[in-house]
Amino acid sequence: MLATIINVVLVLLGSAIGLAFKNLISEKLMSILTHALGLCVLGIGISGMIGTENMLCVIVCMVVGTVIGHAVDIEKRLERGGDFLRGKLVKSEGNSRFTEGFVTASLLFCVGAMAITGSIEAGLNRNYEIIISKGVIDGVTAVSFAATMGVGVAFSVLPVLLYQGAITLLAGWVGALLPAAVITEMSAVGGTLIVAIAVNMLELGKTRIKVGNMLPAIFLPIAYIPLAQLLGSLLG
């Protein structure tokens, strides 16, 4: 948990810096920064996607995970969570992008190869190197996010703490049983979700992609890989 707490502190620090200096940045520059950051996020996502060793796994998990997420409507629940926090904790009407900042930052900081592998490594071997490196990246990202999307970015530390903390604790118990192939494909699916976030940031689509509804996909390789191996052995 220590590494996750450091990650949280770095995001809070980056958010505070972004909020403190946002008035020094023009609206036009904020838009450019968002697009520039979107390109960087796109690169992060693509690097995760190309790490797959089983593209069919990524496709199946994305399709099934999106169906599950759509049925539960995770995106709306995330938005409601952001709206609830805004109503309870943020009194200023100027923070109209609270939900966008909360949801976008939460997804970006929680989903990806470093969040998964780093948390598992911390839980298994008490090696905090990956998570702390991720924390530095998240902190720098939070500066730009907070400056462009507001205080909602700071509250993304809540899902970061719960998500990474839970994986770290779980990894301490059963992580040794998780095959490397599963982690690889979870990271690849995570990279695909990050690409979707980048598409939204760059405003490339006619409508925003409901990335939140795709979140279940990242966990499906845990079931897909063993099933695929079983079917392969039966048919082979």
# chains A, B, ... in the order shown; residues from 1 in each chain; ligands from 1
>>> closest_atom_pairs(of="stretch 60-159 of chain A", to="stretch 198-222 of chain A", cutoff="8 Å", atoms="only C-alpha atoms", output="tab-separated table")
residue	atom	partner	partner_atom	distance
A:Cys61	CA	A:Ala217	CA	5.0
A:Met62	CA	A:Ala217	CA	5.0
A:Val63	CA	A:Ala217	CA	7.6
A:Val64	CA	A:Ala217	CA	6.8
A:Gly65	CA	A:Ala217	CA	3.8
A:Thr66	CA	A:Met214	CA	4.3
A:Val67	CA	A:Met214	CA	7.8
A:Ile68	CA	A:Pro216	CA	6.9
A:Gly69	CA	A:Asn213	CA	4.1
A:His70	CA	A:Asn213	CA	5.2
A:Val72	CA	A:Asn213	CA	7.8
A:Asp73	CA	A:Asn213	CA	6.0
A:Ile74	CA	A:Asn213	CA	5.0
A:Glu75	CA	A:Gly212	CA	4.4
A:Leu78	CA	A:Gly212	CA	7.3
A:Leu107	CA	A:Gly212	CA	7.6
>>> residues_around(residues="A:Met114", least_positions_apart="2", cutoff="10 Å", atoms="only C-alpha atoms", output="PyMOL selection string")
chain A and resi 48+109-112+116-121+130-135+187+190
>>> closest_atom_pairs(of="stretch 12-123 of chain A", to="stretch 152-157 of chain A", cutoff="6 Å", atoms="only C-alpha atoms", output="tab-separated table")
residue	atom	partner	partner_atom	distance
A:Leu12	CA	A:Ala154	CA	5.5
A:Ser15	CA	A:Ala154	CA	5.5
A:Phe98	CA	A:Gly152	CA	4.3
A:Gly101	CA	A:Gly152	CA	4.8
A:Phe102	CA	A:Gly152	CA	4.3
A:Ala105	CA	A:Val153	CA	5.6
A:Ser106	CA	A:Ser156	CA	4.7
>>> residues_around(residues="A:Gly123", least_positions_apart="4", cutoff="10 Å", atoms="only C-alpha atoms", output="list in words")
Met1, Ala3, Thr117, Gly118, Ser119, Asn127, Tyr128, Gly165, Ala166, Ile167, Thr168, Leu169, Leu170, Ala171, Gly172, Trp173, Val174, Gly175 and Ala176 of chain A
>>> atom_distance(atom1="atom CA of A:Ala223", atom2="atom CA of A:Ile194")
21.7 Å
>>> closest_residue(among="A:Tyr224, A:Phe21, A:Tyr163, A:Phe84", to="A:Gly150", atoms="only C-alpha atoms")
A:Phe21
>>> residues_around(residues="A:Met49", least_positions_apart="4", cutoff="9 Å", atoms="only C-alpha atoms", output="mmCIF file with C-alpha atoms, in the first residue's frame")
data_model
loop_
_atom_site.group_PDB
_atom_site.id
_atom_site.type_symbol
_atom_site.label_atom_id
_atom_site.label_comp_id
_atom_site.auth_asym_id
_atom_site.auth_seq_id
_atom_site.Cartn_x
_atom_site.Cartn_y
_atom_site.Cartn_z
ATOM 1 C CA ILE A 44 0.569 5.318 -23.959
ATOM 2 C CA GLY A 45 -2.513 3.423 -25.094
ATOM 3 C CA MET A 55 -5.303 -10.204 -30.358
ATOM 4 C CA VAL A 58 -8.363 -8.470 -26.684
ATOM 5 C CA GLU A 185 -3.597 -9.399 -22.078
ATOM 6 C CA SER A 187 -2.475 -4.707 -19.996
ATOM 7 C CA ALA A 188 -3.304 -4.869 -23.716
ATOM 8 C CA VAL A 189 -7.018 -4.402 -23.022
ATOM 9 C CA GLY A 190 -6.133 -1.547 -20.685
ATOM 10 C CA GLY A 191 -4.116 0.042 -23.485
ATOM 11 C CA THR A 192 -7.144 -0.194 -25.775
ATOM 12 C CA VAL A 195 -6.703 4.838 -26.684
#
>>> residues_around(residues="A:Ala147", least_positions_apart="5", cutoff="10 Å", atoms="only C-alpha atoms", output="list in words")
Gly14, Ser15, Ala16, Ile17, Gly18, Leu19, Ala20, Phe21, Lys22, Asn23, Leu24, Ile25, Met30, Leu33, Thr34, Gly101, Ala142 and Val153 of chain A
>>> write_last_selection(atoms="C-alpha atoms", output="CSV table (one decimal), in the first residue's frame")
chain,number,residue,atom,x,y,z
A,14,GLY,CA,0.2,17.8,-9.4
A,15,SER,CA,-3.4,18.7,-9.1
A,16,ALA,CA,-2.7,21.5,-6.6
A,17,ILE,CA,0.0,22.9,-8.9
A,18,GLY,CA,-2.4,22.8,-11.9
A,19,LEU,CA,-5.2,24.5,-10.0
A,20,ALA,CA,-2.8,27.2,-8.6
A,21,PHE,CA,-1.5,28.2,-12.0
A,22,LYS,CA,-4.6,27.6,-14.2
A,23,ASN,CA,-5.4,31.4,-14.2
A,24,LEU,CA,-2.1,32.0,-15.9
A,25,ILE,CA,-3.0,29.8,-18.8
A,30,MET,CA,-5.7,25.0,-22.2
A,33,LEU,CA,-2.6,21.4,-23.8
A,34,THR,CA,-5.6,19.1,-23.7
A,101,GLY,CA,-11.9,15.6,-14.8
A,142,ALA,CA,-2.4,15.8,-13.1
A,153,VAL,CA,-8.8,15.5,-11.1
>>> select_by_dssp(residues="stretch 25-221 of chain A", states="alpha helix (DSSP H)", output="PDB file with C-alpha atoms, in the first residue's frame")
ATOM      1  CA  GLU A  27      -8.369  29.191 -22.621  1.00  0.00           C
ATOM      2  CA  LYS A  28      -6.793  28.680 -26.035  1.00  0.00           C
ATOM      3  CA  LEU A  29      -3.622  27.313 -24.468  1.00  0.00           C
ATOM      4  CA  MET A  30      -5.690  25.047 -22.210  1.00  0.00           C
ATOM      5  CA  SER A  31      -7.341  23.573 -25.295  1.00  0.00           C
ATOM      6  CA  ILE A  32      -3.974  23.050 -26.957  1.00  0.00           C
ATOM      7  CA  LEU A  33      -2.599  21.449 -23.783  1.00  0.00           C
ATOM      8  CA  THR A  34      -5.557  19.063 -23.672  1.00  0.00           C
ATOM      9  CA  HIS A  35      -4.921  18.038 -27.268  1.00  0.00           C
ATOM     10  CA  ALA A  36      -1.180  17.716 -26.667  1.00  0.00           C
ATOM     11  CA  LEU A  37      -1.850  15.581 -23.626  1.00  0.00           C
ATOM     12  CA  GLY A  38      -4.344  13.574 -25.642  1.00  0.00           C
ATOM     13  CA  LEU A  39      -1.614  12.713 -28.130  1.00  0.00           C
ATOM     14  CA  CYS A  40       0.614  11.533 -25.273  1.00  0.00           C
ATOM     15  CA  VAL A  41      -2.238   9.455 -23.861  1.00  0.00           C
ATOM     16  CA  LEU A  42      -2.764   7.991 -27.332  1.00  0.00           C
ATOM     17  CA  GLY A  43       0.891   6.935 -27.382  1.00  0.00           C
ATOM     18  CA  ILE A  44       0.569   5.318 -23.959  1.00  0.00           C
ATOM     19  CA  GLY A  45      -2.513   3.423 -25.094  1.00  0.00           C
ATOM     20  CA  ILE A  46      -0.998   2.220 -28.351  1.00  0.00           C
ATOM     21  CA  SER A  47       2.147   1.013 -26.563  1.00  0.00           C
ATOM     22  CA  GLY A  48      -0.097  -1.044 -24.298  1.00  0.00           C
ATOM     23  CA  MET A  49      -2.183  -2.429 -27.150  1.00  0.00           C
ATOM     24  CA  MET A  55      -5.303 -10.204 -30.358  1.00  0.00           C
ATOM     25  CA  LEU A  56      -8.377 -12.427 -30.373  1.00  0.00           C
ATOM     26  CA  CYS A  57      -8.368 -12.282 -26.584  1.00  0.00           C
ATOM     27  CA  VAL A  58      -8.363  -8.470 -26.684  1.00  0.00           C
ATOM     28  CA  ILE A  59     -11.217  -8.393 -29.216  1.00  0.00           C
ATOM     29  CA  VAL A  60     -13.407 -10.898 -27.354  1.00  0.00           C
ATOM     30  CA  CYS A  61     -12.780  -9.272 -23.976  1.00  0.00           C
ATOM     31  CA  MET A  62     -13.549  -5.804 -25.354  1.00  0.00           C
ATOM     32  CA  VAL A  63     -16.813  -6.972 -26.913  1.00  0.00           C
ATOM     33  CA  VAL A  64     -18.045  -9.005 -23.929  1.00  0.00           C
ATOM     34  CA  GLY A  65     -16.789  -6.449 -21.406  1.00  0.00           C
ATOM     35  CA  THR A  66     -18.555  -3.605 -23.222  1.00  0.00           C
ATOM     36  CA  VAL A  67     -21.824  -5.560 -23.286  1.00  0.00           C
ATOM     37  CA  ILE A  68     -21.555  -6.134 -19.531  1.00  0.00           C
ATOM     38  CA  GLY A  69     -20.589  -2.535 -18.843  1.00  0.00           C
ATOM     39  CA  HIS A  70     -23.409  -1.213 -21.005  1.00  0.00           C
ATOM     40  CA  ALA A  71     -25.929  -3.404 -19.178  1.00  0.00           C
ATOM     41  CA  VAL A  72     -24.732  -2.076 -15.811  1.00  0.00           C
ATOM     42  CA  ILE A  74     -20.938   2.005 -15.449  1.00  0.00           C
ATOM     43  CA  GLU A  75     -20.369   5.306 -17.247  1.00  0.00           C
ATOM     44  CA  LYS A  76     -23.525   6.797 -15.780  1.00  0.00           C
ATOM     45  CA  ARG A  77     -22.640   5.489 -12.327  1.00  0.00           C
ATOM     46  CA  LEU A  78     -19.202   7.104 -12.575  1.00  0.00           C
ATOM     47  CA  GLU A  79     -20.812  10.363 -13.632  1.00  0.00           C
ATOM     48  CA  ARG A  80     -23.263  10.170 -10.751  1.00  0.00           C
ATOM     49  CA  GLY A  81     -20.366   9.574  -8.374  1.00  0.00           C
ATOM     50  CA  GLY A  82     -18.612  12.634  -9.729  1.00  0.00           C
ATOM     51  CA  ASP A  83     -21.788  14.710  -9.491  1.00  0.00           C
ATOM     52  CA  PHE A  84     -22.334  13.546  -5.904  1.00  0.00           C
ATOM     53  CA  LEU A  85     -18.817  14.575  -4.905  1.00  0.00           C
ATOM     54  CA  ARG A  86     -19.236  17.898  -6.666  1.00  0.00           C
ATOM     55  CA  GLY A  87     -22.522  18.565  -4.872  1.00  0.00           C
ATOM     56  CA  LYS A  88     -21.122  17.625  -1.463  1.00  0.00           C
ATOM     57  CA  LEU A  89     -17.597  18.965  -1.644  1.00  0.00           C
ATOM     58  CA  PHE A  98     -15.664  18.373 -12.322  1.00  0.00           C
ATOM     59  CA  THR A  99     -17.209  15.128 -13.581  1.00  0.00           C
ATOM     60  CA  GLU A 100     -15.154  15.122 -16.784  1.00  0.00           C
ATOM     61  CA  GLY A 101     -11.939  15.644 -14.828  1.00  0.00           C
ATOM     62  CA  PHE A 102     -12.868  13.032 -12.234  1.00  0.00           C
ATOM     63  CA  VAL A 103     -13.875  10.360 -14.752  1.00  0.00           C
ATOM     64  CA  THR A 104     -11.072  10.999 -17.263  1.00  0.00           C
ATOM     65  CA  ALA A 105      -8.310  11.125 -14.633  1.00  0.00           C
ATOM     66  CA  SER A 106      -9.715   8.116 -12.743  1.00  0.00           C
ATOM     67  CA  LEU A 107      -9.767   5.981 -15.879  1.00  0.00           C
ATOM     68  CA  LEU A 108      -6.328   7.077 -17.043  1.00  0.00           C
ATOM     69  CA  PHE A 109      -4.664   6.665 -13.641  1.00  0.00           C
ATOM     70  CA  CYS A 110      -6.333   3.327 -12.883  1.00  0.00           C
ATOM     71  CA  ALA A 113      -0.009  -1.846 -17.677  1.00  0.00           C
ATOM     72  CA  MET A 114       1.799   0.052 -14.927  1.00  0.00           C
ATOM     73  CA  ALA A 115      -1.215   0.118 -12.594  1.00  0.00           C
ATOM     74  CA  ILE A 116      -1.750  -3.626 -12.906  1.00  0.00           C
ATOM     75  CA  THR A 117       1.812  -4.935 -13.047  1.00  0.00           C
ATOM     76  CA  GLY A 118       3.073  -2.372 -10.536  1.00  0.00           C
ATOM     77  CA  SER A 119       0.400  -3.191  -7.973  1.00  0.00           C
ATOM     78  CA  ILE A 120       0.966  -6.922  -8.389  1.00  0.00           C
ATOM     79  CA  GLU A 121       4.738  -6.505  -8.076  1.00  0.00           C
ATOM     80  CA  ALA A 122       4.273  -4.423  -4.936  1.00  0.00           C
ATOM     81  CA  GLY A 123       1.972  -7.069  -3.453  1.00  0.00           C
ATOM     82  CA  LEU A 124       4.134 -10.032  -4.372  1.00  0.00           C
ATOM     83  CA  ASN A 125       7.694  -8.786  -3.887  1.00  0.00           C
ATOM     84  CA  GLU A 129       9.629   0.836  -8.366  1.00  0.00           C
ATOM     85  CA  ILE A 130       6.919   0.509 -11.020  1.00  0.00           C
ATOM     86  CA  ILE A 131       4.151   2.170  -9.006  1.00  0.00           C
ATOM     87  CA  ILE A 132       6.360   5.061  -7.910  1.00  0.00           C
ATOM     88  CA  SER A 133       7.418   5.621 -11.533  1.00  0.00           C
ATOM     89  CA  LYS A 134       3.746   5.586 -12.491  1.00  0.00           C
ATOM     90  CA  GLY A 135       3.064   8.060  -9.674  1.00  0.00           C
ATOM     91  CA  VAL A 136       5.580  10.515 -11.104  1.00  0.00           C
ATOM     92  CA  ILE A 137       3.930  10.252 -14.534  1.00  0.00           C
ATOM     93  CA  ASP A 138       0.468  10.633 -12.990  1.00  0.00           C
ATOM     94  CA  GLY A 139       1.603  13.679 -11.026  1.00  0.00           C
ATOM     95  CA  VAL A 140       2.912  15.438 -14.110  1.00  0.00           C
ATOM     96  CA  THR A 141      -0.250  14.502 -15.998  1.00  0.00           C
ATOM     97  CA  ALA A 142      -2.404  15.812 -13.129  1.00  0.00           C
ATOM     98  CA  VAL A 143      -0.859  19.277 -13.512  1.00  0.00           C
ATOM     99  CA  SER A 144      -2.190  19.595 -17.058  1.00  0.00           C
ATOM    100  CA  PHE A 145      -5.449  17.805 -16.312  1.00  0.00           C
ATOM    101  CA  ALA A 146      -6.240  19.969 -13.283  1.00  0.00           C
ATOM    102  CA  ALA A 147      -5.392  23.150 -15.169  1.00  0.00           C
ATOM    103  CA  THR A 148      -7.725  22.205 -18.011  1.00  0.00           C
ATOM    104  CA  MET A 149     -10.459  20.193 -16.277  1.00  0.00           C
ATOM    105  CA  VAL A 157      -7.089   9.673  -6.017  1.00  0.00           C
ATOM    106  CA  LEU A 158     -10.089   7.926  -4.411  1.00  0.00           C
ATOM    107  CA  PRO A 159     -10.497   5.253  -7.122  1.00  0.00           C
ATOM    108  CA  VAL A 160      -6.694   5.112  -7.498  1.00  0.00           C
ATOM    109  CA  LEU A 161      -6.337   4.315  -3.796  1.00  0.00           C
ATOM    110  CA  LEU A 162      -9.126   1.724  -3.870  1.00  0.00           C
ATOM    111  CA  TYR A 163      -8.178   0.159  -7.214  1.00  0.00           C
ATOM    112  CA  GLN A 164      -4.416  -0.095  -6.826  1.00  0.00           C
ATOM    113  CA  GLY A 165      -4.671  -0.822  -3.111  1.00  0.00           C
ATOM    114  CA  ALA A 166      -7.109  -3.667  -3.740  1.00  0.00           C
ATOM    115  CA  ILE A 167      -4.923  -5.186  -6.472  1.00  0.00           C
ATOM    116  CA  THR A 168      -1.854  -4.935  -4.247  1.00  0.00           C
ATOM    117  CA  LEU A 169      -3.596  -6.658  -1.347  1.00  0.00           C
ATOM    118  CA  LEU A 170      -5.113  -9.286  -3.627  1.00  0.00           C
ATOM    119  CA  ALA A 171      -1.755  -9.903  -5.277  1.00  0.00           C
ATOM    120  CA  GLY A 172      -0.283 -10.660  -1.866  1.00  0.00           C
ATOM    121  CA  TRP A 173      -2.766 -13.495  -1.520  1.00  0.00           C
ATOM    122  CA  VAL A 174      -3.324 -14.976  -4.978  1.00  0.00           C
ATOM    123  CA  ALA A 180       1.995 -14.017 -17.094  1.00  0.00           C
ATOM    124  CA  ALA A 181      -0.211 -14.396 -20.185  1.00  0.00           C
ATOM    125  CA  VAL A 182      -3.209 -13.074 -18.257  1.00  0.00           C
ATOM    126  CA  ILE A 183      -1.310  -9.979 -17.084  1.00  0.00           C
ATOM    127  CA  THR A 184      -0.092  -9.343 -20.636  1.00  0.00           C
ATOM    128  CA  GLU A 185      -3.597  -9.399 -22.078  1.00  0.00           C
ATOM    129  CA  MET A 186      -5.076  -7.360 -19.211  1.00  0.00           C
ATOM    130  CA  SER A 187      -2.475  -4.707 -19.996  1.00  0.00           C
ATOM    131  CA  ALA A 188      -3.304  -4.869 -23.716  1.00  0.00           C
ATOM    132  CA  VAL A 189      -7.018  -4.402 -23.022  1.00  0.00           C
ATOM    133  CA  GLY A 190      -6.133  -1.547 -20.685  1.00  0.00           C
ATOM    134  CA  GLY A 191      -4.116   0.042 -23.485  1.00  0.00           C
ATOM    135  CA  THR A 192      -7.144  -0.194 -25.775  1.00  0.00           C
ATOM    136  CA  LEU A 193      -9.253   1.649 -23.193  1.00  0.00           C
ATOM    137  CA  ILE A 194      -6.615   4.361 -22.895  1.00  0.00           C
ATOM    138  CA  VAL A 195      -6.703   4.838 -26.684  1.00  0.00           C
ATOM    139  CA  ALA A 196     -10.455   5.403 -26.349  1.00  0.00           C
ATOM    140  CA  ILE A 197      -9.805   8.058 -23.697  1.00  0.00           C
ATOM    141  CA  ALA A 198      -7.336   9.751 -26.073  1.00  0.00           C
ATOM    142  CA  VAL A 199      -9.917   9.762 -28.867  1.00  0.00           C
ATOM    143  CA  ASN A 200     -12.297  11.600 -26.519  1.00  0.00           C
ATOM    144  CA  MET A 201      -9.613  14.083 -25.481  1.00  0.00           C
ATOM    145  CA  PRO A 221      -8.567 -12.189 -19.672  1.00  0.00           C
TER     146      PRO A 221
END
